[in-house]
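The file upload.txt contains compact mmCIF, C-alpha atoms:
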```txt
# COMPACT_ATOMS: atom_id res chain seq x y z
CA MET A 211 0.00 0.00 0.00
CA THR A 212 1.30 3.45 -0.92
CA VAL A 213 2.29 5.63 2.02
CA SER A 214 1.14 9.25 1.83
CA PHE A 215 3.86 11.86 1.59
CA GLN A 216 3.06 13.16 5.08
CA ASN A 217 3.41 9.64 6.47
CA ARG A 218 6.64 9.16 4.54
CA LEU A 219 8.00 12.19 6.36
CA GLU A 220 7.53 10.36 9.65
CA GLN A 221 9.81 7.52 8.59
CA ALA A 222 13.43 7.58 9.71
CA GLU A 223 15.06 7.64 6.29
CA PRO A 224 15.52 11.08 4.72
CA VAL A 225 13.58 11.99 1.59
CA ILE A 226 15.87 12.70 -1.35
CA LEU A 227 14.77 15.48 -3.67
CA SER A 228 16.86 15.96 -6.80
CA GLY A 229 16.37 19.46 -8.17
CA GLY A 230 18.20 21.75 -10.55
CA TYR A 231 16.15 21.03 -13.66
CA LEU A 232 16.56 24.60 -14.89
CA PHE A 233 20.32 24.51 -15.21
CA GLU A 234 20.47 20.85 -16.21
CA VAL A 235 18.15 21.34 -19.18
CA GLU A 236 20.07 24.49 -20.16
CA ARG A 237 23.33 22.51 -19.90
CA ARG A 238 21.89 19.95 -22.31
CA GLY A 239 21.10 22.77 -24.74
CA TYR A 240 17.30 22.80 -24.59
CA LEU A 241 16.58 25.92 -22.53
CA LYS A 242 17.47 29.57 -23.08
CA ALA A 243 19.60 31.00 -20.30
CA GLY A 244 18.46 34.39 -19.11
CA GLU A 245 14.73 34.09 -19.64
CA PHE A 246 14.85 30.61 -18.06
CA VAL A 247 11.35 29.45 -19.04
CA PRO A 248 10.72 25.66 -19.10
CA MET A 249 9.43 25.50 -22.68
CA VAL A 250 11.17 22.14 -22.97
CA ALA A 251 8.01 20.51 -21.59
CA LEU A 252 6.26 21.43 -24.84
CA GLU A 253 9.11 21.70 -27.32
CA HIS A 254 11.18 18.65 -26.36
CA PRO A 255 9.23 16.51 -23.88
CA GLU A 256 11.59 13.59 -24.55
CA VAL A 257 14.45 15.62 -23.08
CA LEU A 258 12.52 16.49 -19.94
CA GLU A 259 11.41 12.90 -19.56
CA GLN A 260 15.03 11.75 -19.73
CA VAL A 261 16.23 14.33 -17.20
CA THR A 262 13.44 13.35 -14.81
CA THR A 263 14.22 9.67 -15.25
CA ASP A 264 17.93 10.25 -14.69
CA PHE A 265 17.34 12.21 -11.49
CA ILE A 266 15.09 9.49 -10.08
CA ARG A 267 17.50 6.72 -11.07
CA ALA A 268 20.20 8.71 -9.29
CA GLY A 269 18.18 8.35 -6.09
CA SER A 270 15.41 10.93 -5.90
CA ASP A 271 12.23 9.98 -4.05
CA ILE A 272 10.31 12.72 -5.84
CA SER A 273 9.51 13.26 -9.50
CA LEU A 274 9.49 17.04 -9.70
CA ALA A 275 7.34 18.63 -12.40
CA PHE A 276 9.52 21.15 -14.19
CA THR A 277 7.24 24.16 -13.87
CA TYR A 278 9.81 26.33 -12.13
CA ASN A 279 9.41 29.77 -13.77
CA GLY A 280 6.47 28.34 -15.66
CA HIS A 281 4.12 30.95 -14.23
CA ARG A 282 1.97 33.61 -15.82
CA GLU A 283 4.48 36.43 -15.41
CA LYS A 284 7.31 34.56 -17.12
CA MET A 285 5.03 33.43 -19.94
CA ARG A 286 3.87 37.00 -20.37
CA ILE A 287 7.43 38.28 -20.67
CA ILE A 288 8.23 35.90 -23.53
CA GLY A 289 4.88 36.48 -25.25
CA GLN A 290 3.59 32.95 -24.73
CA GLU A 291 0.93 33.40 -22.07
CA GLN A 292 -1.51 31.32 -24.12
CA LEU A 293 0.77 28.31 -23.49
CA LEU A 294 0.73 28.67 -19.70
CA GLU A 295 -1.73 25.89 -18.93
CA PRO A 296 -0.52 23.52 -21.69
CA LEU A 297 3.07 23.89 -20.45
CA ASN A 298 2.13 23.23 -16.84
CA ARG A 299 0.00 20.22 -17.65
CA ALA A 300 2.63 18.78 -19.99
CA ALA A 301 5.34 19.05 -17.33
CA LEU A 302 3.09 17.51 -14.70
CA ARG A 303 2.14 14.61 -16.95
CA ILE A 304 5.79 13.90 -17.71
CA ALA A 305 6.58 13.89 -13.98
CA LYS A 306 3.69 11.53 -13.26
CA LYS A 307 4.51 9.23 -16.17
CA VAL A 308 8.12 8.89 -15.06
CA ALA A 309 7.13 8.42 -11.42
CA GLU A 310 4.79 5.57 -12.34
CA GLN A 311 7.33 3.90 -14.61
CA GLU A 312 10.25 4.18 -12.21
CA SER A 313 8.18 3.12 -9.18
CA ILE A 314 7.74 -0.18 -10.99
CA ASN A 315 11.28 -0.40 -12.35
CA LEU A 316 13.00 0.49 -9.08
CA GLY A 317 10.58 -1.16 -6.67
CA ARG A 318 10.08 1.94 -4.53
CA HIS A 319 7.35 4.54 -4.56
CA ILE A 320 8.14 7.81 -6.28
CA TYR A 321 6.08 10.84 -5.28
CA VAL A 322 4.98 13.53 -7.73
CA ALA A 323 5.55 17.18 -6.84
CA GLY A 324 4.10 20.23 -8.47
CA ASN A 325 6.43 23.22 -8.41
CA ILE A 326 5.89 26.93 -7.85
CA SER A 327 8.55 29.60 -7.47
CA ASN A 328 9.17 33.29 -6.84
CA SER A 329 6.75 35.36 -8.91
CA ASN A 330 9.10 38.30 -9.54
CA ILE A 331 6.16 40.71 -9.31
CA PHE A 332 5.53 40.76 -5.55
CA ASP A 333 6.01 44.22 -4.08
CA PRO A 334 5.32 44.76 -0.36
CA ASN A 335 4.54 48.40 -1.12
CA LYS A 336 1.84 47.47 -3.61
CA PRO A 337 -0.86 45.33 -1.94
CA GLU A 338 -2.47 44.55 -5.29
CA THR A 339 0.57 42.49 -6.28
CA ALA A 340 -0.23 40.04 -3.48
CA ASP A 341 -3.56 39.32 -5.15
CA GLU A 342 -1.85 38.80 -8.51
CA VAL A 343 0.66 36.41 -6.95
CA ARG A 344 -2.10 34.48 -5.22
CA LEU A 345 -3.93 33.92 -8.50
CA MET A 346 -0.69 32.89 -10.21
CA PHE A 347 0.03 30.30 -7.55
CA ARG A 348 -3.58 29.14 -7.33
CA GLU A 349 -3.88 28.23 -10.99
CA MET A 350 -0.60 26.30 -10.99
CA ILE A 351 -1.49 24.43 -7.80
CA THR A 352 -4.94 23.64 -9.20
CA TRP A 353 -3.44 22.12 -12.34
CA ALA A 354 -0.97 20.17 -10.24
CA LYS A 355 -3.73 18.69 -8.11
CA GLN A 356 -5.81 17.83 -11.16
CA GLU A 357 -2.83 16.04 -12.70
CA GLY A 358 -2.27 13.94 -9.59
CA ALA A 359 0.52 15.66 -7.64
CA ASP A 360 1.13 14.39 -4.11
CA LEU A 361 2.71 17.62 -2.91
CA ILE A 362 3.82 21.08 -3.94
CA LEU A 363 7.36 22.35 -3.71
CA ALA A 364 7.35 26.14 -3.27
CA GLU A 365 10.92 27.27 -3.71
CA THR A 366 13.28 30.24 -3.99
CA MET A 367 10.83 32.35 -2.02
CA TYR A 368 12.77 35.49 -1.12
CA PHE A 369 9.82 37.31 0.47
CA LEU A 370 8.24 35.75 3.55
CA ALA A 371 4.90 37.29 2.59
CA GLU A 372 5.04 35.58 -0.80
CA ALA A 373 5.94 32.27 0.83
CA GLU A 374 2.93 32.66 3.11
CA ILE A 375 0.67 33.17 0.10
CA ALA A 376 2.11 30.05 -1.51
CA LEU A 377 1.51 28.02 1.65
CA GLU A 378 -2.06 29.26 1.99
CA GLU A 379 -2.86 28.21 -1.56
CA ILE A 380 -1.22 24.80 -1.15
CA GLN A 381 -3.19 24.20 2.02
CA ALA A 382 -6.42 25.32 0.36
CA ALA A 383 -5.84 22.65 -2.29
CA GLY A 384 -5.31 19.99 0.38
CA LEU A 385 -1.79 19.06 -0.74
CA ALA A 386 1.37 18.46 1.23
CA SER A 387 3.91 21.27 1.22
CA ILE A 388 7.62 21.93 1.13
CA VAL A 389 8.28 25.66 1.41
CA ASN A 390 11.85 26.81 0.84
CA VAL A 391 13.16 30.33 1.20
CA ALA A 392 16.13 31.65 -0.78
CA VAL A 393 18.73 34.00 0.62
CA PHE A 394 20.59 36.71 -1.27
CA ASP A 395 23.96 38.09 -0.17
CA THR A 396 22.22 40.23 2.47
CA GLY A 397 21.63 37.13 4.58
CA LYS A 398 17.95 37.98 4.96
CA LEU A 399 14.76 37.71 2.97
CA MET A 400 13.87 40.82 1.04
CA ASP A 401 11.24 41.87 3.55
CA GLY A 402 13.94 41.99 6.21
CA VAL A 403 13.15 38.70 7.93
CA SER A 404 15.90 36.22 8.75
CA PRO A 405 15.61 32.79 7.06
CA ALA A 406 15.32 31.18 10.50
CA LYS A 407 12.44 33.41 11.60
CA ALA A 408 10.74 32.99 8.23
CA CYS A 409 10.86 29.21 8.51
CA GLU A 410 9.69 29.37 12.11
CA LYS A 411 6.66 31.35 10.95
CA LEU A 412 5.95 29.01 8.03
CA ALA A 413 6.21 25.99 10.31
CA ALA A 414 3.77 27.58 12.74
CA LEU A 415 1.38 28.18 9.85
CA GLY A 416 1.38 24.47 9.06
CA ALA A 417 3.91 23.88 6.27
CA ASP A 418 4.82 20.18 6.30
CA VAL A 419 8.46 20.94 5.54
CA VAL A 420 10.34 24.25 5.71
CA GLY A 421 13.85 25.08 4.63
CA THR A 422 16.08 26.77 2.14
CA ASN A 423 17.20 26.21 -1.43
CA CYS A 424 19.40 27.62 -4.17
CA PHE A 425 21.29 30.95 -4.38
CA GLN A 426 23.79 29.75 -1.75
CA GLY A 427 26.16 26.83 -2.36
CA PRO A 428 26.98 23.84 -0.11
CA ASN A 429 29.41 25.88 2.01
CA THR A 430 27.66 29.21 2.55
CA ILE A 431 24.22 27.70 3.03
CA ARG A 432 25.40 25.76 6.09
CA PRO A 433 25.03 28.52 8.72
CA ILE A 434 21.67 29.44 7.18
CA PHE A 435 20.40 25.90 7.51
CA GLU A 436 21.89 25.53 10.99
CA ALA A 437 19.94 28.59 12.14
CA ILE A 438 16.75 27.27 10.54
CA SER A 439 17.16 23.89 12.22
CA GLU A 440 17.72 25.49 15.60
CA SER A 441 14.75 27.81 15.14
CA VAL A 442 12.15 25.22 14.11
CA GLY A 443 13.28 22.43 16.43
CA ALA A 444 11.79 19.06 15.57
CA HIS A 445 9.80 20.37 12.61
CA HIS A 446 10.67 18.74 9.29
CA THR A 447 13.30 20.68 7.37
CA CYS A 448 14.66 20.79 3.83
CA ALA A 449 18.19 21.66 2.69
CA MET A 450 18.86 22.12 -1.05
CA PRO A 451 21.85 24.32 -1.91
CA CYS A 452 22.85 25.18 -5.43
CA ALA A 453 25.88 23.20 -6.58
CA TYR A 454 28.32 26.10 -6.92
CA ARG A 455 31.34 26.93 -4.78
CA THR A 456 30.04 30.08 -3.15
CA THR A 457 32.30 31.69 -0.56
CA ASN A 458 32.03 34.00 2.41
CA GLU A 459 33.07 36.84 0.11
CA HIS A 460 30.72 35.82 -2.69
CA THR A 461 27.87 34.00 -0.99
CA THR A 462 25.55 33.45 -3.96
CA LEU A 463 25.81 32.05 -7.47
CA PHE A 464 24.88 35.49 -8.82
CA SER A 465 28.19 37.06 -7.86
CA LEU A 466 30.82 34.34 -8.26
CA PRO A 467 34.04 35.47 -9.95
CA ASP A 468 36.20 33.21 -12.11
CA THR A 469 39.85 34.20 -11.82
CA GLY A 470 40.83 31.59 -14.36
CA ASN A 471 38.54 32.86 -17.09
CA THR A 472 40.29 34.18 -20.22
CA ALA A 473 37.23 35.12 -22.28
CA LYS A 474 35.25 38.33 -22.45
CA LEU A 475 31.93 37.58 -20.79
CA PRO A 476 28.89 39.14 -22.52
CA SER A 477 27.34 40.29 -19.25
CA GLY A 478 30.56 40.87 -17.38
CA ARG A 479 29.62 38.20 -14.84
CA THR A 480 29.77 34.43 -14.69
CA PHE A 481 26.05 34.08 -13.93
CA PRO A 482 24.28 32.42 -15.58
CA ASP A 483 26.17 31.01 -18.55
CA ALA A 484 29.82 30.97 -17.48
CA LEU A 485 29.61 29.11 -14.18
CA GLU A 486 31.07 25.82 -15.36
CA ALA A 487 34.37 26.34 -13.52
CA GLN A 488 32.54 27.05 -10.24
CA VAL A 489 30.66 23.76 -9.92
CA ALA A 490 31.21 21.80 -6.72
CA ASN A 491 32.35 18.23 -7.21
CA ARG A 492 30.33 15.17 -6.28
CA TYR A 493 32.29 14.59 -3.07
CA GLU A 494 31.54 18.10 -1.85
CA ALA A 495 27.86 17.41 -2.59
CA ALA A 496 28.05 14.18 -0.59
CA GLU A 497 29.68 15.94 2.36
CA PHE A 498 26.89 18.49 2.40
CA ALA A 499 24.31 15.70 2.45
CA ALA A 500 26.01 14.24 5.52
CA PHE A 501 26.03 17.67 7.15
CA ALA A 502 22.30 18.16 6.51
CA ARG A 503 21.45 14.67 7.74
CA ASN A 504 23.42 15.24 10.95
CA LEU A 505 21.35 18.36 11.57
CA GLY A 506 18.17 16.33 11.18
CA ALA A 507 17.09 17.44 7.71
CA LYS A 508 14.19 15.35 6.47
CA VAL A 509 14.34 16.43 2.81
CA ILE A 510 17.83 16.62 1.33
CA GLY A 511 18.90 17.46 -2.19
CA LEU A 512 20.60 19.88 -4.53
CA CYS A 513 19.37 22.69 -6.72
CA CYS A 514 20.80 24.68 -9.66
CA GLY A 515 24.07 23.39 -11.07
CA ALA A 516 23.64 19.83 -9.83
CA SER A 517 23.93 17.00 -12.33
CA VAL A 518 23.15 13.30 -12.12
CA VAL A 519 26.52 12.46 -10.54
CA HIS A 520 25.90 15.00 -7.77
CA HIS A 521 22.46 13.56 -7.05
CA ARG A 522 23.84 10.02 -7.05
CA ALA A 523 26.59 11.02 -4.61
CA VAL A 524 23.98 12.52 -2.27
CA ALA A 525 21.93 9.32 -2.36
CA GLU A 526 24.95 7.12 -1.72
CA GLN A 527 26.08 9.33 1.16
CA LEU A 528 22.63 8.91 2.68
CA GLY A 529 22.92 5.13 2.46
CA ARG A 530 20.98 4.50 -0.72
CA GLU A 531 22.43 2.47 -3.55
CA SER A 532 20.58 3.86 -6.55
CA TYR A 533 20.09 2.33 -9.97
CA LEU A 534 22.93 4.48 -11.26
CA SER A 535 25.28 3.36 -8.49
CA GLN A 536 26.35 0.55 -10.79
CA TYR A 537 28.17 3.26 -12.74
CA SER A 538 29.84 4.93 -9.76
CA THR A 539 33.60 5.47 -9.94
CA ASP A 540 35.81 2.38 -9.89
CA MET A 541 39.45 3.22 -10.51
CA SER A 542 40.75 -0.34 -10.15
CA LYS A 543 40.88 -0.85 -13.94
CA HIS A 544 42.31 2.55 -14.83
CA PHE A 545 45.35 2.32 -17.10
CA LEU A 546 47.43 4.74 -15.01
CA PHE A 547 46.01 4.60 -11.48
CA GLY A 548 44.36 1.19 -11.28
CA THR A 549 45.15 -1.64 -8.88
CA ASP A 550 44.26 -4.61 -11.09
CA GLU A 551 47.22 -6.98 -11.24
CA SER A 552 46.75 -7.53 -14.98
CA LEU A 553 47.44 -3.88 -15.82
CA SER A 554 50.71 -3.08 -17.57
CA LYS A 555 53.30 -2.02 -14.98
CA VAL A 556 55.12 0.00 -17.61
CA THR A 557 52.01 1.97 -18.48
CA LYS A 558 51.09 2.42 -14.81
CA SER A 559 54.51 3.92 -14.17
CA PHE A 560 53.51 6.86 -16.37
CA GLY A 561 51.02 7.87 -13.71
CA SER A 562 53.64 9.59 -11.58
CA THR A 563 54.42 12.06 -14.39
CA ALA A 564 50.97 12.27 -16.01
```

Could you write out this file's structure as structure tokens?
Amino acid sequence: MTVSFQNRLEQAEPVILSGGYLFEVERRGYLKAGEFVPMVALEHPEVLEQVTTDFIRAGSDISLAFTYNGHREKMRIIGQEQLLEPLNRAALRIAKKVAEQESINLGRHIYVAGNISNSNIFDPNKPETADEVRLMFREMITWAKQEGADLILAETMYFLAEAEIALEEIQAAGLASIVNVAVFDTGKLMDGVSPAKACEKLAALGADVVGTNCFQGPNTIRPIFEAISESVGAHHTCAMPCAYRTTNEHTTLFSLPDTGNTAKLPSGRTFPDALEAQVANRYEAAEFAAFARNLGAKVIGLCCGASVVHHRAVAEQLGRESYLSQYSTDMSKHFLFGTDESLSKVTKSFGSTA
């Protein structure tokens, strides 16, 4: 019998949530950086289906519908508002199809999550924008429920007030919720609230899971998540950093320099299309997963910049051998650095000067 998502949260094992669809699809060449609208759901559904399958085979417990930025405001900006509902439904159906297939193939239940994100129109000084945001979220959540989603992931919420609207609409639809705030270099949400206090408020309002995602990498997100964990106590938490090597000097992926770059960058910054040299490696991702687990995180994953090997490393660190673990690194047969006795000793000797 299938366990509801809320009941799954009460089990000891962490829930793995593989995110980062936006940058992964762009990395594969099927999404335009800058506008970052998930048109791939309509234009190349086979690509989105493969990404979703790969992320689940890497260890994810959740098939996330790629509707991040697939809201009315983004569709308006690119002149495709008439495709808003078709795009959302297409992405949701892909997520559900893959979840059903991989639940059978892998022998474990995969949950389906709808996805809403920062609206980019919320303005605390303009009350009417709150109503616009509410309607934007409501229609996306409605479509998600109609298409069979088990939960809604509300992420990169950088206004507490906007996160509260998202939570209210998720609750009105009767779906489980993960509500993640995102933190710019200021260290606070844009309405002046600390991430810890924001999550404390969201937990008190009934969010099933609260936490933080993206913007900050595995290193700089640690004190943010520590504060959240301390603030909410035993409440279920989520930790999903972006997969970039942010630093105390440059805490977000938006401001990362690349001292080794030799090219003229069109925008003068590495974000969003010159970040390749700043990606954390899989072992750094695994170490973050251990850190989050030790702080009691219930939902653990990675966001923008993460690839399949990062997600697999997270799963393995958390004790799960995924389908793709059969392809994890094995250096024993390597021609220079292997340990297999049948390898050429002459060739192996080249390793010291390689």

Sorted by chain and rising residue number, list the residues of segment 462-554 of chain A at most 12 Å from segment 245-253 of chain A (counting only C-alpha atoms), each with its closest atom pair and distance in Å to one decimal, as a Markdown table.
```
| residue | atom | partner | partner_atom | distance |
| --- | --- | --- | --- | --- |
| A:Pro482 | CA | A:Phe246 | CA | 9.9 |
| A:Asp483 | CA | A:Phe246 | CA | 11.3 |
| A:Cys514 | CA | A:Phe246 | CA | 11.9 |
```

Those residues with C-alpha atoms, as a short mmCIF file (atom, residue, chain, number, x, y, z; two decimals), keeping the file's coordinate frame please?
```
data_model
loop_
_atom_site.label_atom_id
_atom_site.label_comp_id
_atom_site.auth_asym_id
_atom_site.auth_seq_id
_atom_site.Cartn_x
_atom_site.Cartn_y
_atom_site.Cartn_z
CA PRO A 482 24.28 32.42 -15.58
CA ASP A 483 26.17 31.01 -18.55
CA CYS A 514 20.80 24.68 -9.66
#
```

Taking a cut-off of 7 Å and counting all atoms listed in the file, can you build a table that, for each residue of segment 401-447 of chain A near segment 499-509 of chain A, reports the nearest atom pair and how far apart they are in Å (one decimal), sorted by chain then residue number, as JSON lines?
```
{"residue": "A:Ser439", "atom": "CA", "partner": "A:Leu505", "partner_atom": "CA", "distance": 7.0}
{"residue": "A:His446", "atom": "CA", "partner": "A:Lys508", "partner_atom": "CA", "distance": 5.6}
{"residue": "A:Thr447", "atom": "CA", "partner": "A:Ala507", "partner_atom": "CA", "distance": 5.0}
```

Requested in this report: Using all atoms listed in the file, determine which residues lie at most 9 Å from segment 466-471 of chain A, disregarding the query and same-chain residues fewer than 6 positions distant; provide the list as a list in words.
Outcome: Tyr454, Arg455, Thr456, Thr457, His460, Arg479, Thr480, Phe481, Ala484, Leu485, Ala487 and Gln488 of chain A

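Taking atom CA of Val308 of chain A as the reference point, atom CA of Asn328 of chain A is found at 25.8 Å.
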
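Using all atoms listed in the file, the smallest distance between any of A:His254, A:Arg530, A:Arg286, A:Lys398 and Tyr368 of chain A comes from A:Lys398.
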
Query - Among listed residues A:Gly416, A:Gly515, A:Gly478, A:Pro224, nearest His445 of chain A (using all atoms listed in the file) - result: A:Gly416

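Rounded to one decimal, atom CA of Met367 of chain A and atom CA of Glu486 of chain A lie 25.1 Å from each other.
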
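Interatomic distance, atom CA of Ala359 of chain A against atom CA of Ala408 of chain A: 25.6 Å.
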
Report task. Please provide the set of residues having any atom within 9 Å of Ser228 of chain A, restricted to all atoms listed in the file, with same-chain residues fewer than 2 positions apart removed, written as a list in words. Result -> Ile226, Gly230, Tyr231, Phe265, Ile266, Ala268, Gly269, Ser270, Asp271, Ile272, Ser273, Leu274, Met450, Ile510, Gly511, Leu512, Cys513, Ala516, Val518 and His521 of chain A

Please save C-alpha atoms of the selected residues as a CSV table (one decimal), keeping the file's coordinate frame.
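The result, written out as again.csv:
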```csv
chain,number,residue,atom,x,y,z
A,226,ILE,CA,15.9,12.7,-1.4
A,230,GLY,CA,18.2,21.8,-10.6
A,231,TYR,CA,16.2,21.0,-13.7
A,265,PHE,CA,17.3,12.2,-11.5
A,266,ILE,CA,15.1,9.5,-10.1
A,268,ALA,CA,20.2,8.7,-9.3
A,269,GLY,CA,18.2,8.4,-6.1
A,270,SER,CA,15.4,10.9,-5.9
A,271,ASP,CA,12.2,10.0,-4.0
A,272,ILE,CA,10.3,12.7,-5.8
A,273,SER,CA,9.5,13.3,-9.5
A,274,LEU,CA,9.5,17.0,-9.7
A,450,MET,CA,18.9,22.1,-1.0
A,510,ILE,CA,17.8,16.6,1.3
A,511,GLY,CA,18.9,17.5,-2.2
A,512,LEU,CA,20.6,19.9,-4.5
A,513,CYS,CA,19.4,22.7,-6.7
A,516,ALA,CA,23.6,19.8,-9.8
A,518,VAL,CA,23.2,13.3,-12.1
A,521,HIS,CA,22.5,13.6,-7.0
```

Requested in this report: Please provide the set of residues having any atom within 12 Å of Ala414 of chain A, restricted to all atoms listed in the file, with same-chain residues fewer than 6 positions apart removed, written as a PyMOL selection string.
Outcome: chain A and resi 374+377+407-408+420+441-443+445-446

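Minimum atom-to-atom distances from A:Ile288, A:Val213, A:Pro334, A:Glu234 to Cys452 of chain A were compared using all atoms listed in the file, and the lowest value belongs to A:Glu234.
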
Save segment 294-355 of chain A to disk from that block, C-alpha atoms included, as an mmCIF file, in the first residue's frame.
```cif
data_model
loop_
_atom_site.group_PDB
_atom_site.id
_atom_site.type_symbol
_atom_site.label_atom_id
_atom_site.label_comp_id
_atom_site.auth_asym_id
_atom_site.auth_seq_id
_atom_site.Cartn_x
_atom_site.Cartn_y
_atom_site.Cartn_z
ATOM 1 C CA LEU A 294 0.731 28.674 -19.702
ATOM 2 C CA GLU A 295 -1.727 25.894 -18.934
ATOM 3 C CA PRO A 296 -0.522 23.523 -21.686
ATOM 4 C CA LEU A 297 3.066 23.886 -20.453
ATOM 5 C CA ASN A 298 2.130 23.227 -16.841
ATOM 6 C CA ARG A 299 0.000 20.218 -17.652
ATOM 7 C CA ALA A 300 2.630 18.780 -19.988
ATOM 8 C CA ALA A 301 5.343 19.048 -17.332
ATOM 9 C CA LEU A 302 3.090 17.513 -14.695
ATOM 10 C CA ARG A 303 2.143 14.615 -16.947
ATOM 11 C CA ILE A 304 5.786 13.904 -17.706
ATOM 12 C CA ALA A 305 6.582 13.885 -13.984
ATOM 13 C CA LYS A 306 3.692 11.531 -13.259
ATOM 14 C CA LYS A 307 4.510 9.233 -16.168
ATOM 15 C CA VAL A 308 8.121 8.885 -15.062
ATOM 16 C CA ALA A 309 7.125 8.417 -11.420
ATOM 17 C CA GLU A 310 4.787 5.572 -12.336
ATOM 18 C CA GLN A 311 7.334 3.902 -14.607
ATOM 19 C CA GLU A 312 10.248 4.175 -12.211
ATOM 20 C CA SER A 313 8.181 3.122 -9.180
ATOM 21 C CA ILE A 314 7.742 -0.183 -10.985
ATOM 22 C CA ASN A 315 11.280 -0.404 -12.354
ATOM 23 C CA LEU A 316 13.000 0.492 -9.075
ATOM 24 C CA GLY A 317 10.583 -1.164 -6.675
ATOM 25 C CA ARG A 318 10.075 1.938 -4.525
ATOM 26 C CA HIS A 319 7.348 4.543 -4.561
ATOM 27 C CA ILE A 320 8.144 7.814 -6.285
ATOM 28 C CA TYR A 321 6.076 10.837 -5.279
ATOM 29 C CA VAL A 322 4.980 13.529 -7.732
ATOM 30 C CA ALA A 323 5.551 17.177 -6.838
ATOM 31 C CA GLY A 324 4.103 20.231 -8.469
ATOM 32 C CA ASN A 325 6.431 23.223 -8.410
ATOM 33 C CA ILE A 326 5.891 26.926 -7.851
ATOM 34 C CA SER A 327 8.546 29.599 -7.470
ATOM 35 C CA ASN A 328 9.165 33.291 -6.845
ATOM 36 C CA SER A 329 6.746 35.357 -8.910
ATOM 37 C CA ASN A 330 9.098 38.299 -9.544
ATOM 38 C CA ILE A 331 6.162 40.712 -9.307
ATOM 39 C CA PHE A 332 5.528 40.761 -5.550
ATOM 40 C CA ASP A 333 6.005 44.225 -4.083
ATOM 41 C CA PRO A 334 5.317 44.756 -0.360
ATOM 42 C CA ASN A 335 4.536 48.398 -1.115
ATOM 43 C CA LYS A 336 1.836 47.467 -3.611
ATOM 44 C CA PRO A 337 -0.863 45.332 -1.943
ATOM 45 C CA GLU A 338 -2.469 44.548 -5.290
ATOM 46 C CA THR A 339 0.567 42.486 -6.279
ATOM 47 C CA ALA A 340 -0.228 40.041 -3.477
ATOM 48 C CA ASP A 341 -3.558 39.316 -5.149
ATOM 49 C CA GLU A 342 -1.851 38.802 -8.507
ATOM 50 C CA VAL A 343 0.659 36.414 -6.952
ATOM 51 C CA ARG A 344 -2.103 34.482 -5.222
ATOM 52 C CA LEU A 345 -3.926 33.921 -8.497
ATOM 53 C CA MET A 346 -0.685 32.887 -10.209
ATOM 54 C CA PHE A 347 0.029 30.297 -7.551
ATOM 55 C CA ARG A 348 -3.582 29.141 -7.334
ATOM 56 C CA GLU A 349 -3.881 28.231 -10.988
ATOM 57 C CA MET A 350 -0.604 26.305 -10.994
ATOM 58 C CA ILE A 351 -1.488 24.426 -7.804
ATOM 59 C CA THR A 352 -4.940 23.644 -9.198
ATOM 60 C CA TRP A 353 -3.443 22.121 -12.342
ATOM 61 C CA ALA A 354 -0.965 20.166 -10.240
ATOM 62 C CA LYS A 355 -3.726 18.690 -8.107
#
```
